[in-house]
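**Q** The structure follows.
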Amino acid sequence: MAVLLSFEALRKEYFGVPALRDLTLDIRRGEVVGVIGENGAGKSTLMNMIGGVVAPTSGEMRWLGEPYHPRMPSDATARGVAFIHQELNLFTNLTIAENIFVDDFPARFGMIDRAAMRQRTAELLSQLALEVAPDTSVDSLAPGERQLVEIAKALHRDAELIIFDEPTTSLTPRETAKLFETIERLRADGKTILFISHILGDVKRLSDTVVVLRDGQLVAQEPAAGFDVPDMITAMIGRALGGLYPDRTAAPRDEIAFSAKALSQPGILEDVSFDIRAGEILGLFGLMGSGRSEMARIIFGLDPLEEGALTLKNQPLTGGVRDRIARGVAFVTEDRRAEGLLMDAPIAENLSLVSIEEFGRAPLALLDHARLDHRTEQLKTDMIIKAGDIKTQPARALSGGNQQKVVIGKWLMRHSDLFILDEPTRGVDVGAKFEIYALADRLAAAGSSVLFISSELEELMGMCDRIMVMNRGEVMGMFDRADFSERAILAMAFGKQAAGKEVAA
Amino acid sequence: MTDSGPLPATAEREEPALAPTVGQRAKRIFLSDYFVLYLSLAYFLVLMPFLPTLSNPANLANILSNMWPLLVVAIGQTFVLTIAGIDLSQGSVVGFTSVVGAMLLAATASPDVLSNAPIWGLIIDETGGPLAGVPGGIALAIAAMIAAGGLIGAANGLAIAHFRMPPFMVTLVTMIVISAFAIFLTQSENIRNLPEAYIQLGKGDIVSVYFGEQDESRIPRREIYSFITYPMIIAVTVAIIAHIALSRTVFGRQVFAIGTNRRAAEISGVPVKRVIVLVFTISAVCATIGALLYSTRLEAGRPTLGDGNFLLDVIGATVIGGTSLFGGKGKIIWTVFGVFFFVLLSNTLNLMNLSSFHIDMVKGAVIVAAALLDVLRTRLIRGGI
Amino acid sequence: MTGSARDRAMALVTNHGTLLLFVLIILVFGTQAPAFVGPENLGNIIKQASFIGIAAVGMVFVLLTAGIDLSVGSVMYLGPLIAGFAMRDFGVGVAGGLLVAVAAGAIMGGINAFLIVVLKVVPFIVTLSTLFFFRGFGAFLTSSRQFDFPEEIRAFGLSSVFGVPTPILFFAAVGVAAHIVLSRTAFGRQVYAVGNDEAAAAKAGIRVGRVKASVYVICSSLAALAGFILIAQIGRLDTGFGEGREFDVIAAAVLGGASLFGGIGTAFSAVIGATMIQAVKTGLVFTGTNLYLQPMLQGLIIFAAVFLDSVRAARLETLRRRFIRPR
């Protein structure tokens with residue numbers, strides 16, 4: 001196969017610090033190349049160079065043998081590079097067709113030729129087996145459908161190289177399966193794919209070749225067929241990881257700390273009941289749209305609950321967010337940037353946000369800075385948050401894993417009896433994941449109840465005492481640790497009718 | 001535990017530990033909290049040789065006396081901008097509350113002027129307002145003004161916090177309605193004949209209190225004394241309280257949190273609605289205190305006191321100081337310097353005998369220049385240098 | 001959704017709140033003063049609305065990109081003033097004067113655009129300062145005195161074509177042209193895209209700078225045109241002309257349904273908003289309301305519209321929350 005894109009001793013330094021060190025690599029045409037590495041390994045830098053966002057400090061890129069120096073993203077697009085990012089770049093106030101043609105509308109007499117636009121869009125959508133009308137507003141599409149629109153955009157521009165950057169994070173397993181089919185089809189059509197993901201099983205399944213980056217260097221380039229996940233991890237972190245999950249330090253206690261009785265909310269939940277013991281980690285597994293995050297929001301008092309009762313430590317749990325926090329409920333939301341952090345505020349201010357009122361001295365609520373600084377510094381050390389001066393450095397400057405530690409950390413400044421962790425390891429690299437698991441274990445060992453919500457079944461099986469499965473707002477079943485079975489849990493999560501097909505995929 | 005890879009962002013931040021060069025020193029000044037103050041002083045020094053009257057004590061006193069009322073109002077705006085809001089209604093609150101105070105306190109009123117006003121006979125007549133000559137009447141009137149202003153601010157805040165209406169539109173409507181109401185109350189007339197003790201709040205200085213007779217104090221007054229005036233004491237007190245509230249209290253932290261990310265603040269248990277209502281109330285109360293200073297200086301309650309370009313002066317001065325329109329970034333001390341610079345600028349332009357339209361043009365240019373500097377500062381900081 | 005009658009009524013109110021409010025206003029004033037709904041008066045309302053309306057159409061372009069233009073009031077003053085000088089001192093005719101006004105507006109818009117797009121200063125601040133600057137410049141040109149236009153301008157301003165007053169024709173033409181540009185041209189759709197997500201628009205290859213610059217030029221050009229058309233009816237220009245109008249213009253656009261956060265709004269909405277404000281003004285005169293109370297009532301109506309809009313937004317959000325099981 002011909003080489004589509006090659007890198008020769010490619011190097012990028014930021015203020016003298018190398019982010020990519022003399023990378024030499026060939027990407028062959030028609031191949032699916034998985035790119036893995038921890039956060040900060042140089043993946044983003046490499047992609048930004050391909051995309052014309054940053055220029056290399058030294059070294060050379062070649063496109064079909066010719067020198068390739070994109071100076072801005074549009075140069076890359078013109079050559080045939082398309083990006084499918086985790087945050088999609090679609091305009092929700094425009095239609096699908098308008099989104100596809102947004103940078104070059106077909107025009108007749110200065111007016112948009114809507115018929116031509118609609119027809120071409122319909123063709124593209126049918127290629128991708130997306131059955132919606134071209135005039136549908138993007139607003140009304142599900143995340144998976146939106147991603148297909150992005151791919152349609154790439155196809156419309158005759159992209160040669162399509163780069164998928166963590167494409168599955170916001171997709172349901174069903175949508176993910178469909179995306180993978182689409183990628184297979186693109187490969188069959190001779191497109192070249194770069195597939196970046198933290199979900200190593202997906203990378204192995206999908207890729208022809210897997211490329212591993214570490215500290216800005218290429219450490220492995222192997223055919224996917226013989227490259228197993230543990231080996232990938234070893235390559236990524238530079239040593240064998242003892243175990244992916246920490247050992248649980250204490251067994252759950254007998255007393256029931258939290259219980260939900262017959263929760264019902266029209267259109268969201270139907271008769272949901274469960275208990276969590278003190279010191280227990282209860283996993284909650286379900287597909288996107290199973291009601292897991294919705295239930296978390298209800299327990300935390302963000303969304304209304306029509307029927308049912310919540311009890312924490314034998315007292316009914318009612319009121320708004322502030323009441324729940326006062327009663328000892330902590331909520332690590334799934335959307336770190338939008339709901340978890342004050343990105344531009346210093347780390348210390350993020351850490352102290354939840355418990356700030358405890359640092360006010362009566363009568364005027366003047367802050368006790370000495371105590372506050374002491375506590376936040378202590379927490380930084382305790383949680384191994386890798387940061388400089390937490391009083392000045394903004395949360396934005398941290399890596400994903402450290403950001404997530406800050407989000408969890410702000411709930412550790414006070415005692416909570418129930419921790420709701422919604423996708424706590426999303427977008428976090430392997431090393432930091434382990435630390436987050438260890439934290440969950442510590443919380444449980446200290447007697448708190450933990451509701452661990454995740455779409456990665458594997459981590460739930462690694463960490464939880466029990467796993468509860470939800471589907472369409474109902475509890476489908478509960479598994480004890482001894483009965484954990486990937487197959488059975490998945491089947492239950494998909495509901496009966498779809499189980500066979502999806503699990504096989 | 002594993003090392004989760006290098007953190008480029010932290011690495012970039014490490015500066016080589018060399019002795020600061022001239023450029024670095026300049027940068028430090030440029031990025032400091034006091035930059036606008038340095039700029040004002042530099043501007044002052046540069047113009048001094050050309051405008052001999054500039055540094056003359058009477059003029060300095062004049063600059064300061066123009067500064068205090070504007071500062072009080074701008075402090076209120078600083079709170080609002082810090083939560084990523086905006087308060088366009090401050091000017092109308094100034095006009096309205098000046099009328100409230102005056103109609104309660106006026107010693108007498110002339111039927112020729114006010115007999116058509118709806119308040120005539122109801123609140124005010126030839127014998128003055130209901131609190132005229134009442135012991136403690138001034139305090140009561142000020143309390144009434146603050147209550148009126150505070151209610152307007154709270155109403156703004158409630159609409160914004162509870163109905164999620166955009167601050168720009170809510171306060172725009174308040175501006176239209178309240179200034180119309182103030183004009184309606186007096187049918188666009190001023191209310192004069194305010195009690196002397198009330199007027200002292202805006203005009204009096206400490207010295208004239210001690211030395212009594214105005215005739216004496218006017219001539220040989222030693223310059224230094226004329227700087228310490230009631231408006232100054234009031235404004236500085238407001239500034240100190242505001243500074244402490246914004247930078248050293250739980251409330252201040254919550255203000256910044258809301259300005260940075262309202263949703264995250266909500267989920268972290270910040271009482272978002274309460275804080276928003278409070279912030280808009282503070283803004284209106286500051287406008288009311290500004291009204292007190294302006295109206296006593298004018299010796300009248302005037303419904304149009306805060307009309308025209310007043311609001312733009314307030315926002316311009318606040319933004320020149322460095323407070324961001326996008327929230328999460330604001331300091332009282334910045335506003336102090338911004339107001340000082342703005343007032344100094346107006347003053348020097350007046351001394352140059354420029355007409356009001358020239359002054360408008362220069363003001364416009366300066367606001368843009370200040371914003372450009374801010375863009376530059378942000379870039380320098382983001383650039384990590 | 002299987003909505004009850006109450007649900008459907010609620011949806012009607014929230015989705016077409018502005019129009020319903022409009023109808024309500026007409027009905028209320030019509031019953032109070034039947035002459036209010038006479039064709040002559042309705043024509044007058046539209047004619048008087050054309051001033052704010054034309055500028056509001058321009059404002060919609062800016063609001064769509066999530067920008068704001070506070071300088072329109074000053075542009076309304078300076079644009080026609082420059083045209084006035086061209087007419088008085090260089091013998092330019094009325095048509096030429098109109099073109100000069102629009103061109104002057106375009107240049108002022110260009111200045112705003114330069115500061116916003118090239119120097120990257122936020123629109124609020126830029127247009128706040130050009131608000132001072134343009135008016136100061138105009139006052140400098142006239143030494144703060146009233147400016148009298150050549151007499152022929154009033155003949156134009158008060159003329160009509162087939163019985164339709166010229167201001168209405170301009171208002172209609174601007175509204176229709178803006179509607180076509182916004183809904184049917186590549187530029188128009190890109191304006192919506194930029195307002196929805198500027199960063200994404202840049203990544204998608206849209207020349208964001210050019211789009212943003214264009215909207216400020218359009219907005220100022222239309223503001224100058226609006227000013228000229230009103231001046232043409234009066235024949236003279238006072239120094240305070242247009243002062244504070246920026247708020248009327250923004251209110252009209254928002255009243256019609258444009259969002260201050262970008263991406264939502266139509267040219268039609270500005271036309272409706274401006275006409276509605278004028279209807280209220282006229283209605284209050286008809287019913288003999290105290291002159292000083294009129295702005296209060298206008299303010300309350302704007303409040304009602306903005307309130308309805310936020311209720312609608314909240315409702316949409318609830319509707320959009322994905323239900324995961326049948327209700």
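In the structure tokens, each chain is lettered A, B, ... as it comes, each chain's residues begin at 1, and ligands are numbered from 1 in order of appearance.
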Using DSSP on the backbone coordinates, identify the residues of segment 173-295 of chain A assigned to helix (DSSP H, G or I); present them as a PyMOL selection string.
**A** chain A and resi 173-188+200-206+224-226+229-237+292-295
**Q** Using only C-alpha atoms, determine which residues of chain A fall within 6 Å of chain C; present them as a list of chain:residue names.
**A**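 So the residues of chain A near chain C are A:Ser74, A:Asn89, A:Phe91, A:Asp103, A:Phe105, A:Met111, A:Ile112, A:Pro266, A:Gly267, A:Ile268, A:Gly289, A:Arg472.
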**Q** Can you tell me, as a PDB file with C-alpha atoms, in the first residue's frame, what residues are no more than 12 Å from Ser259 of chain C when counting only C-alpha atoms, ignoring any on the same chain fewer than 2 positions away?
**A**
ATOM      1  CA  MET B 165     -34.112  36.685  31.844  1.00  0.00           C
ATOM      2  CA  PRO B 166     -31.029  38.341  30.327  1.00  0.00           C
ATOM      3  CA  PHE B 168     -29.194  43.431  29.671  1.00  0.00           C
ATOM      4  CA  MET B 169     -32.896  43.399  28.832  1.00  0.00           C
TER       5      MET B 169
ATOM      6  CA  MET C  59     -29.315  45.175  14.604  1.00  0.00           C
ATOM      7  CA  VAL C  60     -30.660  41.665  14.035  1.00  0.00           C
ATOM      8  CA  PHE C  61     -27.623  40.881  11.880  1.00  0.00           C
ATOM      9  CA  VAL C  62     -25.329  41.918  14.716  1.00  0.00           C
ATOM     10  CA  LEU C  63     -27.342  40.144  17.406  1.00  0.00           C
ATOM     11  CA  LEU C  64     -27.324  36.964  15.311  1.00  0.00           C
ATOM     12  CA  THR C  65     -23.546  36.823  15.647  1.00  0.00           C
ATOM     13  CA  ALA C  66     -23.917  37.301  19.417  1.00  0.00           C
ATOM     14  CA  GLY C  67     -22.563  40.824  19.076  1.00  0.00           C
ATOM     15  CA  ILE C  68     -24.113  44.128  20.005  1.00  0.00           C
ATOM     16  CA  TYR C 192     -26.370  32.043  11.881  1.00  0.00           C
ATOM     17  CA  GLY C 195     -23.693  33.111  16.128  1.00  0.00           C
ATOM     18  CA  ASN C 196     -24.246  29.495  17.091  1.00  0.00           C
ATOM     19  CA  ILE C 250     -32.151  46.682  20.497  1.00  0.00           C
ATOM     20  CA  ALA C 251     -35.473  46.461  22.308  1.00  0.00           C
ATOM     21  CA  ALA C 252     -37.334  46.272  18.983  1.00  0.00           C
ATOM     22  CA  ALA C 253     -35.130  43.459  17.729  1.00  0.00           C
ATOM     23  CA  VAL C 254     -35.380  41.515  20.972  1.00  0.00           C
ATOM     24  CA  LEU C 255     -39.100  42.175  21.292  1.00  0.00           C
ATOM     25  CA  GLY C 256     -39.521  40.509  17.918  1.00  0.00           C
ATOM     26  CA  GLY C 257     -37.691  37.426  19.138  1.00  0.00           C
ATOM     27  CA  PHE C 261     -26.879  35.319  22.779  1.00  0.00           C
ATOM     28  CA  GLY C 262     -26.686  34.872  19.039  1.00  0.00           C
ATOM     29  CA  GLY C 263     -28.013  32.460  16.455  1.00  0.00           C
ATOM     30  CA  ILE C 264     -31.715  33.185  16.936  1.00  0.00           C
ATOM     31  CA  GLY C 265     -33.786  35.852  15.210  1.00  0.00           C
ATOM     32  CA  THR C 266     -35.081  36.908  11.810  1.00  0.00           C
ATOM     33  CA  SER C 269     -38.798  39.748  13.994  1.00  0.00           C
ATOM     34  CA  ALA C 270     -37.268  43.209  13.921  1.00  0.00           C
ATOM     35  CA  ALA C 305     -42.070  40.077  25.684  1.00  0.00           C
ATOM     36  CA  VAL C 306     -38.709  39.257  27.223  1.00  0.00           C
ATOM     37  CA  ASP C 309     -39.235  34.608  25.694  1.00  0.00           C
ATOM     38  CA  SER C 310     -37.495  33.298  28.774  1.00  0.00           C
ATOM     39  CA  ALA C 313     -36.704  29.056  26.453  1.00  0.00           C
TER      40      ALA C 313
END
**Q** Which is closest to chain C among B:Pro49, B:Pro135, B:Gly308, B:Gly157, if we use only C-alpha atoms?
**A** B:Gly308
**Q** Considering only C-alpha atoms, extract the chain A residues located within 7 Å of chain B and return them as a VMD selection string.
**A** chain A and resid 15 38 to 41 215 321 to 322 325 338 to 342 344 353 to 354 356 to 357 360 365 to 367 387 to 388 397 to 399 431 to 432 435
**Q** Please produce a file of the residues just selected, as a short mmCIF file (atom, residue, chain, number, x, y, z; two decimals), in the first residue's frame, where the atoms kept are C-alpha atoms.
**A**
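Output contents, as saved in again.cif:
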data_model
loop_
_atom_site.label_atom_id
_atom_site.label_comp_id
_atom_site.auth_asym_id
_atom_site.auth_seq_id
_atom_site.Cartn_x
_atom_site.Cartn_y
_atom_site.Cartn_z
CA PHE A 15 8.84 27.12 25.26
CA GLU A 38 -1.62 8.73 28.01
CA ASN A 39 -2.70 12.35 28.19
CA GLY A 40 0.35 14.45 27.48
CA ALA A 41 2.02 11.72 25.43
CA ASP A 215 6.42 11.30 26.41
CA VAL A 321 -29.24 20.90 46.00
CA ARG A 322 -28.10 22.84 49.04
CA ILE A 325 -25.28 18.75 50.23
CA ALA A 338 -19.48 22.51 32.02
CA GLU A 339 -20.63 21.39 35.45
CA GLY A 340 -17.66 20.37 37.51
CA LEU A 341 -15.01 23.04 37.38
CA LEU A 342 -14.50 26.75 37.37
CA ASP A 344 -10.49 29.85 34.84
CA LEU A 353 -16.05 25.87 46.58
CA VAL A 354 -18.41 23.33 48.14
CA ILE A 356 -16.53 27.59 51.47
CA GLU A 357 -19.26 28.53 53.90
CA GLY A 360 -16.53 32.02 56.97
CA ALA A 365 -18.55 35.46 56.96
CA LEU A 366 -15.02 36.77 56.55
CA LEU A 367 -12.81 34.00 55.22
CA ALA A 387 0.02 21.28 40.07
CA GLY A 388 2.21 24.24 40.85
CA ALA A 397 -3.91 24.30 33.12
CA LEU A 398 -4.25 20.80 34.58
CA SER A 399 -4.36 17.50 32.72
CA GLY A 431 -2.50 6.17 35.59
CA ALA A 432 -4.96 8.74 36.87
CA GLU A 435 -5.80 6.87 41.45
#
**Q** Given a cut-off of 7 Å, which residues of chain B touch chain C, counting only C-alpha atoms, written out as a list of chain:residue names?
**A**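 Residues passing the distance filter: B:Phe163, B:Arg164, B:Met165, B:Val170, B:Val173, B:Ile176, B:Val177, B:Ala180, B:Phe181, B:Ile183, B:Phe184, B:Phe357, B:His358, B:Asp360, B:Met361, B:Lys363, B:Gly364, B:Ala365, B:Ile367, B:Val368, B:Ala371, B:Leu372, B:Val375.
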**Q** Keeping only C-alpha atoms, write those residues as a PDB file, in the first residue's frame.
**A**
ATOM      1  CA  PHE B 163     -36.872  33.685  35.417  1.00  0.00           C
ATOM      2  CA  ARG B 164     -33.473  33.494  33.783  1.00  0.00           C
ATOM      3  CA  MET B 165     -34.112  36.685  31.844  1.00  0.00           C
ATOM      4  CA  VAL B 170     -34.190  43.338  32.399  1.00  0.00           C
ATOM      5  CA  VAL B 173     -36.556  47.837  30.967  1.00  0.00           C
ATOM      6  CA  ILE B 176     -36.898  52.914  30.957  1.00  0.00           C
ATOM      7  CA  VAL B 177     -39.612  52.360  33.542  1.00  0.00           C
ATOM      8  CA  ALA B 180     -40.073  57.503  33.313  1.00  0.00           C
ATOM      9  CA  PHE B 181     -41.609  57.057  36.747  1.00  0.00           C
ATOM     10  CA  ILE B 183     -39.998  62.088  35.622  1.00  0.00           C
ATOM     11  CA  PHE B 184     -43.696  61.402  36.043  1.00  0.00           C
ATOM     12  CA  PHE B 357     -18.033  66.994  22.023  1.00  0.00           C
ATOM     13  CA  HIS B 358     -14.266  66.807  22.003  1.00  0.00           C
ATOM     14  CA  ASP B 360     -16.877  62.720  24.165  1.00  0.00           C
ATOM     15  CA  MET B 361     -14.562  61.809  21.334  1.00  0.00           C
ATOM     16  CA  LYS B 363     -13.571  59.445  26.123  1.00  0.00           C
ATOM     17  CA  GLY B 364     -14.591  57.120  23.338  1.00  0.00           C
ATOM     18  CA  ALA B 365     -11.029  56.678  22.165  1.00  0.00           C
ATOM     19  CA  ILE B 367     -12.359  53.373  26.383  1.00  0.00           C
ATOM     20  CA  VAL B 368     -11.237  51.537  23.264  1.00  0.00           C
ATOM     21  CA  ALA B 371      -9.971  47.601  26.117  1.00  0.00           C
ATOM     22  CA  LEU B 372      -7.074  47.088  23.713  1.00  0.00           C
ATOM     23  CA  VAL B 375      -6.683  42.325  25.152  1.00  0.00           C
TER      24      VAL B 375
END
**Q** Write out as a ChimeraX atom specification each polymer residue whose atoms come within 8 Å of segment 269-278 of chain A, counting only C-alpha atoms; drop sequence neighbours fewer than 3 positions from it.
**A** /A:252-266,281-282,291,295,308,417,444,447-451,472-475 /C:325
**Q** Write out as a list in words all residues of segment 187-222 of chain A that DSSP puts in strand (DSSP E or B) for this structure's backbone.
**A**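 Strand (DSSP E or B) assignments inside segment 187-222 of chain A correspond to Thr192, Ile193, Leu194, Phe195, Ile196, Thr209, Val210, Val211, Val212, Leu213, Arg214, Gln217, Leu218, Val219, Ala220, Gln221 and Glu222 of chain A.
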**Q** Go ahead and write the residues just picked, N, CA and C atoms, as a PDB file, in the first residue's frame.
**A**
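Final file, selection_21.pdb:
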ATOM      1  N   THR A 192      -8.305   6.527   4.635  1.00  0.00           N
ATOM      2  CA  THR A 192      -7.342   6.252   5.690  1.00  0.00           C
ATOM      3  C   THR A 192      -7.904   6.825   6.985  1.00  0.00           C
ATOM      4  N   ILE A 193      -7.776   6.048   8.049  1.00  0.00           N
ATOM      5  CA  ILE A 193      -8.395   6.461   9.308  1.00  0.00           C
ATOM      6  C   ILE A 193      -7.347   6.510  10.412  1.00  0.00           C
ATOM      7  N   LEU A 194      -7.330   7.603  11.169  1.00  0.00           N
ATOM      8  CA  LEU A 194      -6.585   7.620  12.430  1.00  0.00           C
ATOM      9  C   LEU A 194      -7.624   7.569  13.536  1.00  0.00           C
ATOM     10  N   PHE A 195      -7.472   6.595  14.440  1.00  0.00           N
ATOM     11  CA  PHE A 195      -8.474   6.389  15.463  1.00  0.00           C
ATOM     12  C   PHE A 195      -7.804   6.543  16.831  1.00  0.00           C
ATOM     13  N   ILE A 196      -8.174   7.625  17.533  1.00  0.00           N
ATOM     14  CA  ILE A 196      -7.565   7.903  18.832  1.00  0.00           C
ATOM     15  C   ILE A 196      -8.575   7.567  19.902  1.00  0.00           C
ATOM     16  N   THR A 209      -3.227  -1.253  12.427  1.00  0.00           N
ATOM     17  CA  THR A 209      -1.951  -1.033  13.097  1.00  0.00           C
ATOM     18  C   THR A 209      -2.226  -0.180  14.329  1.00  0.00           C
ATOM     19  N   VAL A 210      -1.470  -0.416  15.385  1.00  0.00           N
ATOM     20  CA  VAL A 210      -1.613   0.426  16.560  1.00  0.00           C
ATOM     21  C   VAL A 210      -0.291   1.135  16.824  1.00  0.00           C
ATOM     22  N   VAL A 211      -0.376   2.441  17.020  1.00  0.00           N
ATOM     23  CA  VAL A 211       0.802   3.258  17.283  1.00  0.00           C
ATOM     24  C   VAL A 211       0.719   3.743  18.720  1.00  0.00           C
ATOM     25  N   VAL A 212       1.795   3.561  19.481  1.00  0.00           N
ATOM     26  CA  VAL A 212       1.779   3.983  20.885  1.00  0.00           C
ATOM     27  C   VAL A 212       2.772   5.123  21.088  1.00  0.00           C
ATOM     28  N   LEU A 213       2.289   6.198  21.677  1.00  0.00           N
ATOM     29  CA  LEU A 213       3.151   7.341  21.989  1.00  0.00           C
ATOM     30  C   LEU A 213       3.331   7.424  23.498  1.00  0.00           C
ATOM     31  N   ARG A 214       4.553   7.803  23.887  1.00  0.00           N
ATOM     32  CA  ARG A 214       4.799   8.039  25.301  1.00  0.00           C
ATOM     33  C   ARG A 214       5.816   9.165  25.427  1.00  0.00           C
ATOM     34  N   GLN A 217       7.337  10.415  22.316  1.00  0.00           N
ATOM     35  CA  GLN A 217       8.098   9.510  21.447  1.00  0.00           C
ATOM     36  C   GLN A 217       7.249   8.352  20.994  1.00  0.00           C
ATOM     37  N   LEU A 218       7.628   7.822  19.841  1.00  0.00           N
ATOM     38  CA  LEU A 218       6.967   6.628  19.350  1.00  0.00           C
ATOM     39  C   LEU A 218       7.580   5.441  20.067  1.00  0.00           C
ATOM     40  N   VAL A 219       6.792   4.711  20.850  1.00  0.00           N
ATOM     41  CA  VAL A 219       7.375   3.586  21.573  1.00  0.00           C
ATOM     42  C   VAL A 219       6.958   2.239  20.990  1.00  0.00           C
ATOM     43  N   ALA A 220       5.919   2.211  20.187  1.00  0.00           N
ATOM     44  CA  ALA A 220       5.544   0.940  19.579  1.00  0.00           C
ATOM     45  C   ALA A 220       4.709   1.183  18.346  1.00  0.00           C
ATOM     46  N   GLN A 221       4.871   0.328  17.375  1.00  0.00           N
ATOM     47  CA  GLN A 221       4.020   0.367  16.188  1.00  0.00           C
ATOM     48  C   GLN A 221       3.832  -1.090  15.802  1.00  0.00           C
ATOM     49  N   GLU A 222       2.659  -1.636  16.085  1.00  0.00           N
ATOM     50  CA  GLU A 222       2.460  -3.069  15.939  1.00  0.00           C
ATOM     51  C   GLU A 222       1.179  -3.339  15.169  1.00  0.00           C
TER      52      GLU A 222
END
**Q** I'd like the contact shell of Ile272 of chain C - 10 Å cut-off, only C-alpha atoms, skipping same-chain residues fewer than 4 positions apart - returned as a list in words.
**A** Thr18, Leu19, Phe22, Ile46, Ala49, Gly53, Ala56, Ala252, Ala253, Leu255, Gly256, Gly257, Ala267, Phe268, Met276, Ile277 and Gln278 of chain C
**Q** So that I can see what lies close to segment 485-495 of chain A, please list as a list in words the residues with an atom at most 6 Å from it, counting only C-alpha atoms and leaving out residues fewer than 5 positions away in the same chain.
**A**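 Neighbouring residues, sequence-local ones excluded: Gly286, Val469 and Asn471 of chain A.
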**Q** Take the residues from that selection and write them out as a PDB file, in the first residue's frame, keeping C-alpha atoms.
**A**
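And here is the file that came out, out_35.pdb:
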ATOM      1  CA  GLY A 286     -26.778   1.202  31.692  1.00  0.00           C
ATOM      2  CA  VAL A 469     -28.418  -2.495  35.687  1.00  0.00           C
ATOM      3  CA  ASN A 471     -32.699   0.190  31.005  1.00  0.00           C
TER       4      ASN A 471
END
**Q** So how far away is atom CA of Leu457 of chain A from atom CA of Ala330 of chain A, in Å?
**A** 22.5 Å
**Q** Between C:Phe241, C:Phe286, C:Tyr216, C:Phe147, which is the closest to Phe114 of chain C once you count only C-alpha atoms?
**A**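 Of all the options, C:Tyr216 lies closest to Phe114 of chain C.
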**Q** Extract, using only C-alpha atoms, all DNA, RNA and protein residues at most 7 Å from Leu292 of chain B, discarding same-chain residues fewer than 4 positions from it, and format them as a ChimeraX atom specification.
**A** /B:98,288,296
**Q** So what do you get for atom CA of Ala148 of chain B versus atom CA of Asn66 of chain B, distance-wise?
**A** 24.7 Å
**Q** Record the distance separating atom CA of Val339 of chain B and atom CA of Trp68 of chain B, expressed in Å with one decimal.
**A** 8.7 Å
**Q** Pick the closest to Glu196 of chain B from B:Leu104, B:Ile75, B:Ala284, B:Ile138: which is it, counting only C-alpha atoms?
**A**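 Selected residue with least distance to Glu196 of chain B: B:Ile138.
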